[in-house]
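So this block is run02.txt, compact mmCIF, C-alpha atoms:
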```txt
# COMPACT_ATOMS: atom_id res chain seq x y z
CA MET J 432 28.13 -44.70 23.07
CA LYS J 433 30.04 -47.00 20.76
CA THR J 434 32.85 -45.55 18.68
CA VAL J 435 32.54 -45.48 14.91
CA GLU J 436 34.89 -48.47 14.70
CA ASP J 437 32.61 -50.47 17.00
CA ILE J 438 29.51 -49.42 15.05
CA LYS J 439 31.21 -50.43 11.81
CA ALA J 440 32.06 -53.83 13.29
CA ALA J 441 28.53 -54.26 14.63
CA ILE J 442 27.03 -53.41 11.24
CA GLU J 443 29.32 -55.76 9.38
CA ALA J 444 28.57 -58.55 11.84
CA ALA J 445 24.81 -58.05 11.72
CA VAL J 446 24.16 -57.23 8.07
CA PRO J 447 25.64 -59.75 5.66
CA GLY J 448 27.39 -58.22 2.69
CA ALA J 449 27.38 -54.71 4.10
CA ARG J 450 30.54 -52.72 3.54
CA VAL J 451 31.13 -49.64 5.65
CA ALA J 452 33.96 -47.16 5.29
CA ILE J 453 34.95 -44.71 7.98
CA VAL J 454 35.28 -41.09 6.88
CA THR J 455 37.41 -39.37 9.48
CA ASN J 456 36.92 -35.81 10.55
CA PRO J 457 40.32 -34.25 11.26
CA GLY J 458 38.76 -31.27 13.07
CA PRO J 459 38.63 -30.90 16.86
CA SER J 460 35.06 -32.22 16.96
CA ALA J 461 36.35 -35.55 15.58
CA GLN J 462 32.88 -36.52 14.44
CA HIS J 463 33.79 -39.39 12.19
CA SER J 464 31.17 -40.69 9.88
CA LEU J 465 30.25 -43.99 8.27
CA ARG J 466 30.04 -44.24 4.53
CA LEU J 467 27.52 -46.80 3.41
CA GLU J 468 27.25 -48.60 0.11
CA PRO J 469 23.89 -47.73 -1.49
CA GLU J 470 23.06 -51.43 -2.06
CA SER J 471 23.01 -52.33 1.62
CA ALA J 472 22.09 -48.93 3.06
CA VAL J 473 18.45 -49.69 3.85
CA ALA J 474 19.33 -52.93 5.69
CA VAL J 475 22.03 -51.08 7.64
CA ALA J 476 19.62 -48.27 8.50
CA LYS J 477 17.07 -50.79 9.74
CA PHE J 478 19.74 -52.41 11.91
CA LEU J 479 20.86 -49.06 13.36
CA ARG J 480 17.29 -48.23 14.32
CA ASP J 481 16.31 -51.61 15.73
CA ASP J 482 19.57 -52.64 17.45
CA ALA J 483 19.13 -52.67 21.22
CA ASP J 484 22.52 -51.05 21.94
CA LEU J 485 22.34 -48.30 19.34
CA ALA J 486 18.56 -47.68 19.11
CA LEU J 487 19.03 -44.73 16.76
CA ASP J 488 15.37 -43.82 16.65
CA PHE J 489 15.68 -40.19 15.59
CA LEU J 490 16.90 -38.85 12.28
CA SER J 491 17.52 -35.17 12.90
CA ASN J 492 19.01 -33.98 9.66
CA VAL J 493 19.52 -34.85 6.01
CA THR J 494 22.09 -32.80 4.13
CA GLY J 495 23.24 -32.75 0.53
CA VAL J 496 26.78 -31.98 -0.56
CA ASP J 497 28.00 -31.44 -4.09
CA TYR J 498 31.53 -32.36 -5.11
CA LEU J 499 32.53 -31.13 -8.54
CA ASP J 500 34.66 -33.08 -11.01
CA LYS J 501 38.28 -32.68 -9.96
CA GLU J 502 41.08 -32.22 -12.42
CA ILE J 503 44.27 -33.69 -11.05
CA ALA J 504 47.67 -32.91 -12.54
CA GLU J 505 50.31 -35.52 -11.84
CA LYS J 506 53.99 -35.54 -12.62
CA ILE J 507 55.19 -38.90 -13.90
CA GLN J 508 58.66 -40.11 -14.81
CA VAL J 509 58.61 -41.39 -18.39
CA LYS J 510 61.39 -43.40 -20.06
CA ARG J 511 61.90 -42.93 -23.75
CA GLN J 512 64.40 -43.70 -26.49
CA VAL J 513 66.32 -40.76 -27.81
CA THR J 514 68.78 -40.80 -30.69
CA LYS J 515 71.89 -38.82 -29.89
CA VAL J 516 75.25 -38.25 -31.43
CA VAL J 517 77.91 -39.27 -28.94
CA ASP J 518 81.57 -38.97 -29.94
CA GLY J 519 80.59 -38.74 -33.63
CA VAL J 520 78.59 -41.97 -33.49
CA GLU J 521 74.82 -42.11 -33.56
CA GLN J 522 73.48 -43.96 -30.56
CA THR J 523 70.11 -44.75 -29.07
CA VAL J 524 70.07 -43.68 -25.47
CA GLU J 525 67.37 -44.23 -22.89
CA GLU J 526 66.38 -41.09 -21.08
CA THR J 527 64.00 -40.29 -18.26
CA ALA J 528 61.86 -37.23 -18.65
CA GLU J 529 59.19 -35.69 -16.47
CA GLU J 530 55.73 -35.40 -17.93
CA THR J 531 52.59 -33.80 -16.52
CA ARG J 532 49.48 -35.82 -17.03
CA LYS J 533 46.01 -34.61 -16.27
CA ARG J 534 43.12 -36.82 -15.35
CA VAL J 535 39.60 -35.96 -14.27
CA GLU J 536 38.28 -37.53 -11.12
CA PRO J 537 34.50 -37.59 -11.46
CA GLY J 538 32.54 -35.63 -8.91
CA TYR J 539 29.66 -36.98 -6.91
CA LEU J 540 26.71 -35.95 -4.81
CA GLU J 541 26.77 -36.90 -1.17
CA VAL J 542 23.92 -37.22 1.29
CA VAL J 543 24.64 -36.95 5.02
CA TYR J 544 22.31 -38.26 7.70
CA HIS J 545 22.60 -37.30 11.38
CA LEU J 546 21.13 -39.87 13.73
CA PHE J 547 20.41 -39.65 17.44
CA SER J 548 18.90 -41.94 20.00
CA VAL J 549 16.18 -40.47 22.16
CA ALA J 550 15.84 -43.73 24.09
CA LYS J 551 19.57 -44.07 24.86
CA LYS J 552 20.30 -40.32 24.87
CA HIS J 553 23.28 -40.56 22.58
CA GLY J 554 24.36 -39.37 19.18
CA PRO J 555 25.06 -38.21 16.63
CA VAL J 556 25.94 -41.10 14.40
CA ILE J 557 26.67 -39.73 10.95
CA LEU J 558 25.98 -41.70 7.80
CA ARG J 559 27.06 -40.75 4.32
CA MET J 560 26.16 -42.04 0.90
CA ARG J 561 27.61 -41.05 -2.44
CA THR J 562 26.21 -41.22 -5.92
CA GLU J 563 28.35 -42.60 -8.74
CA ASN J 564 28.53 -39.26 -10.52
CA ARG J 565 26.64 -35.99 -10.61
CA THR J 566 24.93 -36.26 -13.99
CA ASP J 567 23.06 -39.49 -14.76
CA LYS J 568 23.83 -41.98 -11.99
CA VAL J 569 22.35 -39.99 -9.15
CA GLU J 570 20.19 -42.62 -7.50
CA LEU J 571 20.41 -43.47 -3.82
CA PRO J 572 18.11 -45.54 -1.63
CA SER J 573 15.65 -43.62 0.48
CA VAL J 574 15.60 -44.13 4.25
CA THR J 575 12.09 -42.66 4.57
CA PRO J 576 10.61 -46.14 5.22
CA ILE J 577 12.98 -46.40 8.22
CA TRP J 578 12.78 -42.86 9.57
CA ARG J 579 9.67 -40.94 8.60
CA SER J 580 11.36 -37.59 9.31
CA ALA J 581 13.52 -38.09 6.20
CA GLU J 582 10.56 -37.58 3.89
CA PHE J 583 10.59 -33.79 3.49
CA GLN J 584 14.34 -33.48 3.85
CA GLU J 585 14.99 -36.03 1.12
CA ARG J 586 12.54 -34.14 -1.05
CA GLU J 587 14.56 -31.01 -0.37
CA VAL J 588 17.83 -32.75 -1.32
CA PHE J 589 16.11 -34.01 -4.47
CA ASP J 590 14.89 -30.51 -5.27
CA LEU J 591 18.09 -28.59 -4.60
CA PHE J 592 20.78 -31.17 -5.47
CA GLY J 593 19.02 -33.56 -7.82
CA VAL J 594 19.65 -36.79 -5.91
CA VAL J 595 16.94 -39.31 -6.84
CA PHE J 596 15.86 -41.34 -3.83
CA LYS J 597 14.65 -44.83 -4.72
CA GLY J 598 11.84 -46.03 -2.49
CA HIS J 599 10.72 -42.55 -1.45
CA PRO J 600 6.91 -42.52 -1.18
CA ASP J 601 6.37 -39.07 -2.67
CA LEU J 602 9.42 -37.67 -4.42
CA ARG J 603 8.46 -34.24 -5.71
CA ARG J 604 10.08 -30.84 -5.59
CA ILE J 605 9.37 -29.10 -2.29
CA LEU J 606 10.76 -25.54 -2.53
CA MET J 607 10.82 -24.83 -6.25
CA TRP J 608 7.90 -25.29 -8.61
CA ASP J 609 7.31 -28.50 -10.57
CA GLY J 610 8.35 -27.09 -13.95
CA PHE J 611 11.71 -25.92 -12.60
CA LYS J 612 14.64 -27.61 -14.31
CA ASP J 613 17.77 -26.75 -12.31
CA HIS J 614 19.12 -27.79 -8.95
CA PRO J 615 20.00 -24.49 -7.26
CA MET J 616 22.35 -25.75 -4.55
CA ARG J 617 24.67 -27.45 -7.02
CA ARG J 618 27.95 -25.64 -7.33
CA ASP J 619 27.71 -25.18 -11.07
CA TYR J 620 24.22 -23.66 -10.89
CA VAL J 621 23.81 -20.44 -12.84
CA ASP J 622 21.12 -18.27 -11.27
CA PRO J 623 18.69 -16.32 -13.44
CA ASP J 624 19.82 -12.98 -14.78
CA ASP J 625 17.31 -10.61 -13.22
CA TYR J 626 19.86 -8.00 -12.21
CA GLU J 627 18.13 -5.12 -13.96
CA TYR J 628 18.18 -2.86 -10.94
CA GLU J 629 20.95 -3.01 -8.36
CA PRO J 630 21.15 0.28 -6.49
CA THR J 631 24.00 -0.77 -4.19
CA ALA J 632 25.80 -3.27 -6.39
CA HIS J 633 29.36 -4.31 -5.63
CA ASP J 634 31.91 -6.93 -6.73
CA LYS J 635 30.35 -9.76 -8.73
CA VAL J 636 26.87 -8.27 -8.55
CA LEU J 637 28.16 -4.98 -9.94
CA ALA J 638 29.77 -6.83 -12.85
CA ARG J 639 26.54 -8.69 -13.57
CA ALA J 640 24.37 -5.58 -13.25
CA THR J 641 26.68 -3.61 -15.58
CA ALA J 642 26.68 -6.41 -18.16
CA HIS J 643 22.92 -6.67 -17.93
CA GLN J 644 22.45 -2.95 -18.44
CA ALA J 645 24.80 -2.88 -21.42
CA GLU J 646 22.79 -5.71 -22.97
CA GLU J 647 19.58 -3.85 -22.29
CA GLN J 648 20.96 -0.70 -23.92
CA THR J 649 22.04 -2.49 -27.10
CA GLU J 650 18.59 -3.99 -27.29
CA ALA J 651 17.07 -0.53 -26.96
CA ALA J 652 19.43 0.86 -29.61
CA GLN J 653 18.39 -1.88 -32.03
CA GLY J 654 14.78 -0.98 -31.43
CA GLY J 655 14.10 -4.20 -29.61
CA ALA J 656 11.61 -4.74 -26.83
CA VAL J 657 11.39 -1.26 -25.41
CA LEU J 658 8.37 -0.33 -23.39
CA MET K 73 -14.32 24.43 -4.21
CA VAL K 74 -15.72 25.77 -0.99
CA ASP K 75 -13.55 28.13 1.00
CA GLU K 76 -12.25 26.38 4.18
CA GLY K 77 -13.09 29.33 6.47
CA LEU K 78 -16.60 29.59 5.09
CA LYS K 79 -17.09 25.89 5.50
CA ILE K 80 -16.18 26.03 9.19
CA GLU K 81 -18.40 29.06 9.69
CA LEU K 82 -21.34 27.32 8.02
CA GLY K 83 -20.63 24.22 10.10
CA LYS K 84 -21.09 26.27 13.27
CA GLN K 85 -24.53 27.25 11.97
CA GLY K 86 -25.43 23.64 11.38
CA VAL K 87 -24.93 23.69 7.64
CA PHE K 88 -22.65 21.02 6.22
CA VAL K 89 -21.10 21.89 2.89
CA THR K 90 -18.95 19.49 0.91
CA THR K 91 -18.19 18.28 -2.57
CA ILE K 92 -19.01 14.89 -4.02
CA GLU K 93 -15.31 14.29 -4.49
CA GLU K 94 -14.52 15.00 -0.85
CA LEU K 95 -17.39 12.87 0.42
CA TYR K 96 -16.51 10.05 -1.93
CA ASN K 97 -12.84 10.07 -0.97
CA TRP K 98 -13.71 10.33 2.72
CA GLY K 99 -15.85 7.25 2.40
CA ARG K 100 -13.18 5.36 0.52
CA ARG K 101 -10.31 6.20 2.83
CA SER K 102 -12.25 5.54 6.00
CA SER K 103 -13.13 1.95 5.27
CA ILE K 104 -10.15 0.34 3.61
CA TRP K 105 -10.47 -3.34 4.29
CA PRO K 106 -7.19 -5.19 4.04
CA MET K 107 -6.90 -8.67 2.68
CA GLN K 108 -6.13 -11.29 5.28
CA PHE K 109 -2.93 -12.96 4.25
CA GLY K 110 0.66 -12.92 5.38
CA LEU K 111 3.75 -14.12 3.59
CA ALA K 112 6.51 -14.14 6.19
CA CYS K 113 7.68 -12.64 9.47
CA CYS K 114 6.35 -9.15 8.56
CA ALA K 115 2.88 -10.68 8.93
CA ILE K 116 3.49 -10.95 12.67
CA GLU K 117 4.00 -7.18 12.85
CA MET K 118 0.91 -6.71 10.71
CA ILE K 119 -1.09 -8.81 13.16
CA ALA K 120 0.34 -6.76 16.04
CA THR K 121 -0.83 -3.62 14.24
CA THR K 122 -4.39 -4.86 14.20
CA MET K 123 -4.39 -5.82 17.89
CA ALA K 124 -5.36 -3.64 20.83
CA ARG K 125 -2.00 -1.92 21.43
CA TYR K 126 -1.71 -0.35 17.98
CA ASP K 127 -5.33 -0.76 16.94
CA LEU K 128 -5.55 -0.32 13.20
CA ALA K 129 -9.35 -0.16 13.69
CA ARG K 130 -8.96 3.51 14.61
CA PHE K 131 -8.33 4.17 10.92
CA GLY K 132 -11.24 2.15 9.63
CA ALA K 133 -9.29 -0.92 8.59
CA GLU K 134 -10.21 -3.39 11.26
CA VAL K 135 -11.96 -5.86 9.00
CA PHE K 136 -9.43 -8.19 7.45
CA ARG K 137 -11.24 -10.01 4.69
CA PRO K 138 -10.33 -13.59 3.83
CA SER K 139 -11.54 -13.15 0.25
CA PRO K 140 -9.95 -10.89 -2.37
CA ARG K 141 -13.43 -10.02 -3.61
CA GLN K 142 -14.20 -8.17 -0.39
CA ALA K 143 -10.83 -6.52 0.15
CA ASP K 144 -9.69 -3.03 -0.85
CA MET K 145 -6.06 -3.25 0.12
CA MET K 146 -3.34 -5.84 -0.08
CA ILE K 147 -0.52 -5.72 2.45
CA ILE K 148 2.41 -7.63 0.97
CA SER K 149 3.78 -8.60 4.35
CA GLY K 150 6.99 -10.45 3.75
CA THR K 151 9.23 -12.32 1.34
CA VAL K 152 7.64 -13.03 -2.03
CA THR K 153 9.20 -16.21 -3.36
CA LYS K 154 9.13 -16.91 -7.06
CA LYS K 155 6.88 -19.85 -6.30
CA MET K 156 4.39 -17.55 -4.55
CA ALA K 157 4.58 -14.52 -6.87
CA PRO K 158 2.05 -15.73 -9.51
CA GLN K 159 -0.47 -16.39 -6.75
CA VAL K 160 0.05 -12.91 -5.28
CA VAL K 161 -0.52 -11.31 -8.71
CA ARG K 162 -3.56 -13.51 -9.26
CA LEU K 163 -5.05 -12.49 -5.91
CA TYR K 164 -4.45 -8.86 -6.76
CA ASN K 165 -6.25 -9.34 -10.08
CA GLN K 166 -9.19 -10.88 -8.23
CA MET K 167 -9.65 -7.86 -5.98
CA ALA K 168 -12.35 -5.43 -6.97
CA GLU K 169 -11.41 -1.85 -7.86
CA PRO K 170 -10.52 0.46 -6.22
CA LYS K 171 -7.59 -1.51 -4.85
CA TYR K 172 -4.35 -0.52 -3.18
CA VAL K 173 -1.09 -2.20 -2.29
CA ILE K 174 1.27 -1.62 0.61
CA ALA K 175 4.61 -3.38 0.20
CA MET K 176 5.75 -4.02 3.76
CA GLY K 177 9.36 -4.68 4.65
CA ALA K 178 12.70 -5.04 2.90
CA CYS K 179 11.79 -8.31 1.13
CA ALA K 180 8.52 -7.10 -0.34
CA ILE K 181 10.07 -3.90 -1.69
CA SER K 182 13.37 -5.27 -3.02
CA GLY K 183 14.00 -8.88 -2.10
CA GLY K 184 15.77 -7.77 1.06
CA PRO K 185 18.52 -10.04 2.40
CA PHE K 186 17.51 -12.72 -0.12
CA LYS K 187 17.90 -10.41 -3.11
CA GLN K 188 20.73 -12.38 -4.68
CA GLY K 189 19.11 -15.72 -3.98
CA TYR K 190 17.65 -17.91 -6.68
CA ASN K 191 14.05 -18.14 -5.50
CA VAL K 192 13.09 -14.71 -4.13
CA LEU K 193 11.40 -12.04 -6.21
CA LYS K 194 13.38 -8.80 -6.19
CA GLY K 195 10.39 -6.68 -5.14
CA ILE K 196 6.67 -7.20 -5.79
CA ASP K 197 6.53 -3.86 -7.67
CA ARG K 198 7.94 -5.76 -10.66
CA TYR K 199 4.47 -7.17 -11.30
CA ILE K 200 1.82 -5.04 -9.58
CA PRO K 201 1.63 -1.30 -8.87
CA VAL K 202 2.57 -0.51 -5.27
CA ASP K 203 1.14 2.56 -3.57
CA VAL K 204 3.29 2.71 -0.44
CA HIS K 205 6.66 1.06 0.21
CA ILE K 206 7.78 0.58 3.83
CA PRO K 207 11.42 -0.27 4.52
CA GLY K 208 12.41 -2.20 7.63
CA CYS K 209 13.14 -5.74 8.64
CA PRO K 210 10.46 -6.05 9.81
CA PRO K 211 8.92 -2.57 10.02
CA ARG K 212 7.44 -1.74 13.38
CA PRO K 213 3.64 -1.47 13.71
CA GLU K 214 4.05 2.32 13.84
CA ALA K 215 5.64 2.17 10.38
CA LEU K 216 2.69 0.23 9.04
CA LEU K 217 0.32 2.78 10.58
CA GLN K 218 2.38 5.54 8.96
CA ALA K 219 2.10 3.78 5.60
CA PHE K 220 -1.61 3.40 6.11
CA ILE K 221 -1.99 7.12 6.87
CA LYS K 222 0.10 7.89 3.77
CA LEU K 223 -2.28 5.76 1.72
CA GLN K 224 -5.27 7.61 3.18
CA GLU K 225 -3.61 10.90 2.27
CA LYS K 226 -3.07 9.60 -1.24
CA ILE K 227 -6.72 8.62 -1.58
CA ASP K 228 -7.80 11.96 -0.16
CA GLY K 229 -5.78 13.79 -2.78
CA GLN K 230 -7.19 11.90 -5.75
CA HIS K 231 -9.39 13.81 -8.19
CA LEU K 232 -12.28 11.89 -9.64
CA THR K 233 -12.07 13.53 -13.05
CA GLY K 234 -9.31 14.80 -15.29
CA GLU K 235 -5.86 13.55 -16.15
CA GLY K 236 -4.69 12.18 -12.83
CA ARG K 237 -7.88 10.33 -11.93
CA PRO K 238 -7.54 6.93 -10.30
CA ARG K 239 -7.31 3.82 -12.44
CA PHE K 240 -10.78 2.50 -11.65
CA LEU K 241 -12.42 5.65 -13.03
CA ASP K 242 -10.38 5.53 -16.21
CA ALA K 243 -12.03 3.23 -18.73
CA ALA K 244 -8.88 3.11 -20.84
CA ALA K 245 -6.64 2.11 -17.93
CA GLN K 246 -5.70 -1.48 -17.47
CA GLY K 247 -6.99 -3.13 -14.31
CA GLU K 248 -5.67 -6.63 -14.73
CA PHE K 249 -2.00 -7.45 -14.61
CA PRO K 250 -0.40 -10.39 -16.39
CA VAL K 251 0.39 -13.30 -14.10
CA PRO K 252 4.02 -14.43 -14.57
CA GLU K 253 4.59 -17.99 -15.72
CA GLN K 254 6.83 -20.34 -13.77
CA GLY K 255 9.40 -21.23 -16.40
CA ALA K 256 12.21 -23.75 -16.49
CA HIS K 257 14.74 -21.42 -14.87
CA ASP K 258 12.93 -18.29 -13.70
CA LEU K 259 9.62 -16.47 -13.77
CA GLU K 260 8.70 -15.41 -17.29
CA PRO K 261 8.78 -12.52 -17.83
CA SER K 262 11.07 -11.47 -15.00
CA SER K 263 9.19 -8.18 -14.65
CA ASN K 264 6.22 -6.34 -16.10
CA LYS K 265 7.84 -3.40 -17.91
CA GLY K 266 4.49 -1.57 -18.05
CA VAL K 267 4.30 -1.44 -14.26
CA TRP K 268 7.99 -1.36 -13.52
CA PRO K 269 9.97 0.60 -16.10
CA LEU K 270 13.67 0.03 -15.72
CA PRO K 271 14.85 2.44 -13.03
CA VAL K 272 17.80 4.57 -14.01
CA VAL K 273 20.86 3.70 -11.96
CA ILE K 274 23.13 6.66 -11.30
CA ARG K 275 26.65 5.71 -10.27
```
Exercise: express the given structure as structure tokens:
Amino acid sequence: MKTVEDIKAAIEAAVPGARVAIVTNPGPSAQHSLRLEPESAVAVAKFLRDDADLALDFLSNVTGVDYLDKEIAEKIQVKRQVTKVVDGVEQTVEETAEETRKRVEPGYLEVVYHLFSVAKKHGPVILRMRTENRTDKVELPSVTPIWRSAEFQEREVFDLFGVVFKGHPDLRRILMWDGFKDHPMRRDYVDPDDYEYEPTAHDKVLARATAHQAEEQTEAAQGGAVL
Amino acid sequence: MVDEGLKIELGKQGVFVTTIEELYNWGRRSSIWPMQFGLACCAIEMIATTMARYDLARFGAEVFRPSPRQADMMIISGTVTKKMAPQVVRLYNQMAEPKYVIAMGACAISGGPFKQGYNVLKGIDRYIPVDVHIPGCPPRPEALLQAFIKLQEKIDGQHLTGEGRPRFLDAAAQGEFPVPEQGAHDLEPSSNKGVWPLPVVIR
């Protein structure tokens, strides 16, 4: 099978305007992946499926990944003017000081596709796509028109991560009910507080169960909803 | 009540003595028809229980009914997800009295390994009254048979009149249970306090 570099070159030669970045995997498996730009992703996917050498006719897996906003603290050298008294004379001296600046790198949602070729017996080729952020710009193109097996898995990623797939024929929630508002696999998801009864609670669950019971007891003391 | 020794003695003479209560309960416990539905892997064990090797038919429960209207017993065989829970409660409401529930397996009784997940109900007894709980993951067919025998014993011990009479003979008792709503974040309410009073946790 071609290496990721060769596949990248083949894509860029065949699909005009397509930009592909290689995401390396430093682990022993060395399964490097190709990061596609959402604009050209469908054309690239079509090429990967129909190309005679690659013939990636089987999409085995669609995965969602959530990357939170990252706060990065950087130390920067800053020059500033300081007034000092040197030898009894007031002077303006330039001084370098170290300052810590914080900036927030926006998080994003990532979708990972694992492709194989049944005809050529090779794979996997791994594709990735990232959304612009994790709040409002969460649209990515759907590859369901290219590989039919993506349909349910993209619905699952939509349900659990909240990635909106453009061009998906039937984008509905698949595991949770329609009226559900959250995306449970996101890292900032807060699960419902139904920890009324935890007979063998420990660690975080114990803390939650204790808090819940204390709340329940204050409610009972105030003559709230007691049945 | 008829003395047991006298009853046997009369039986030898060809005279059968019984009470209405005994006859009634015998009839009820000997033809409990389960409802035909399975929720997860426990259903496979339930199916095994009905097949020739374990043969649930010996206890009068061979007829699995595909309609709640014809069923007497509901076997909650497996994980109850929050998406499925309203339907389970609705099916229970649609069953005719007298009706019984066996909660089969770790998931049905407590949520099991998925207890701290976001989409699994932490035990079906939060919404409907459960007669017999069976632990296990999944419980073996013998355990289901044991639960079934326990249920028969329970029915046999029920008095038709007085304080402890079964729900369907008590006009004041409630026979329909509120179906939880699927809310924006969780089922609402998260439990039916009338059926499932908050258990006291002793630590």
Between J:Thr566, J:Thr641, J:Thr514, J:Thr531, which one has atoms that come closest to chain K, using only C-alpha atoms?
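Checking each of J:Thr566, J:Thr641, J:Thr514, J:Thr531 against chain K, counting only C-alpha atoms, the winner is J:Thr641.
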Produce a table with one row for each residue of chain J that has an atom at most 9 Å from any atom of chain K, each row naming the nearest atom pair and its distance in Å at one decimal; use all atoms listed in the file; arrange rows by chain and rising residue number; format as JSON lines.
```
{"residue": "J:Leu606", "atom": "CA", "partner": "K:Lys155", "partner_atom": "CA", "distance": 7.9}
{"residue": "J:Met607", "atom": "CA", "partner": "K:Lys155", "partner_atom": "CA", "distance": 6.4}
{"residue": "J:Trp608", "atom": "CA", "partner": "K:Lys155", "partner_atom": "CA", "distance": 6.0}
{"residue": "J:Asp609", "atom": "CA", "partner": "K:Gln254", "partner_atom": "CA", "distance": 8.8}
{"residue": "J:Gly610", "atom": "CA", "partner": "K:Ala256", "partner_atom": "CA", "distance": 5.7}
{"residue": "J:Phe611", "atom": "CA", "partner": "K:Ala256", "partner_atom": "CA", "distance": 4.5}
{"residue": "J:Lys612", "atom": "CA", "partner": "K:Ala256", "partner_atom": "CA", "distance": 5.1}
{"residue": "J:Asp613", "atom": "CA", "partner": "K:His257", "partner_atom": "CA", "distance": 6.6}
{"residue": "J:Pro615", "atom": "CA", "partner": "K:Tyr190", "partner_atom": "CA", "distance": 7.0}
{"residue": "J:Asp622", "atom": "CA", "partner": "K:Tyr190", "partner_atom": "CA", "distance": 5.8}
{"residue": "J:Pro623", "atom": "CA", "partner": "K:Asp258", "partner_atom": "CA", "distance": 6.1}
{"residue": "J:Asp624", "atom": "CA", "partner": "K:Asp258", "partner_atom": "CA", "distance": 8.8}
{"residue": "J:Asp625", "atom": "CA", "partner": "K:Ser262", "partner_atom": "CA", "distance": 6.5}
{"residue": "J:Tyr626", "atom": "CA", "partner": "K:Gln188", "partner_atom": "CA", "distance": 8.8}
{"residue": "J:Glu627", "atom": "CA", "partner": "K:Leu270", "partner_atom": "CA", "distance": 7.0}
{"residue": "J:Tyr628", "atom": "CA", "partner": "K:Pro271", "partner_atom": "CA", "distance": 6.6}
{"residue": "J:Glu629", "atom": "CA", "partner": "K:Val273", "partner_atom": "CA", "distance": 7.6}
{"residue": "J:Pro630", "atom": "CA", "partner": "K:Val273", "partner_atom": "CA", "distance": 6.5}
{"residue": "J:Val636", "atom": "CA", "partner": "K:Gln188", "partner_atom": "CA", "distance": 8.3}
{"residue": "J:Val657", "atom": "CA", "partner": "K:Lys265", "partner_atom": "CA", "distance": 8.6}
{"residue": "J:Leu658", "atom": "CA", "partner": "K:Lys265", "partner_atom": "CA", "distance": 6.3}
```
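Interatomic distance, atom CA of Val513 of chain J to atom CA of Arg534 of chain J: 26.6 Å.
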Counting all atoms listed in the file, find residues at most 7 Å from (14.6, -43.4, -4.2) (file frame) and give them as a list in words.
Glu570, Leu571, Pro572, Ser573, Val595, Phe596, Lys597, Gly598 and His599 of chain J
Can you list, as a PyMOL selection string, every protein, DNA or RNA residue that comes within 12 Å of segment 478-492 of chain J when you count only C-alpha atoms, leaving out same-chain residues fewer than 3 positions away?
chain J and resi 432-435+437-439+441-447+449+465+471-475+495+542-559+574-585+587-588
Could you write out as JSON the box around segment 156-171 of chain K (axis-aligned, all atoms listed in the file, 5 Å on each side), with centre and edge lengths in Å to one decimal?
```
{"center_x": -3.9, "center_y": -8.5, "center_z": -7.3, "size_x": 26.9, "size_y": 28.0, "size_z": 15.5}
```
Quick one, how far is atom CA of Asp567 of chain J from atom CA of Val535 of chain J?
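Atom-to-atom, atom CA of Asp567 of chain J and atom CA of Val535 of chain J are spaced 16.9 Å apart.
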For the atom pair atom CA of Arg639 of chain J and atom CA of Pro185 of chain K, what is the interatomic distance in Å to one decimal place?
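Atom-to-atom, atom CA of Arg639 of chain J and atom CA of Pro185 of chain K are spaced 17.9 Å apart.
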Find, counting only C-alpha atoms, the residue in J:Thr649, J:Gln508, J:Thr562, J:Thr523 that gets nearest to Arg466 of chain J.
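So, comparing all the options, the nearest one is J:Thr562.
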I'd like the neighbourhood of segment 109-113 of chain K as a PyMOL selection string, where a residue qualifies if any of its atoms comes within 7 Å (using only C-alpha atoms), though same-chain residues fewer than 6 positions away should be ignored.
chain K and resi 149-152
Which residues are near Trp105 of chain K? Cut-off 7 Å, only C-alpha atoms, ignore same chain within fewer than 4 positions. Put them as a list in words.
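After dropping sequence-adjacent residues, the list is Ala133, Glu134, Val135, Phe136, Arg137, Ala143, Asp144 and Met145 of chain K.
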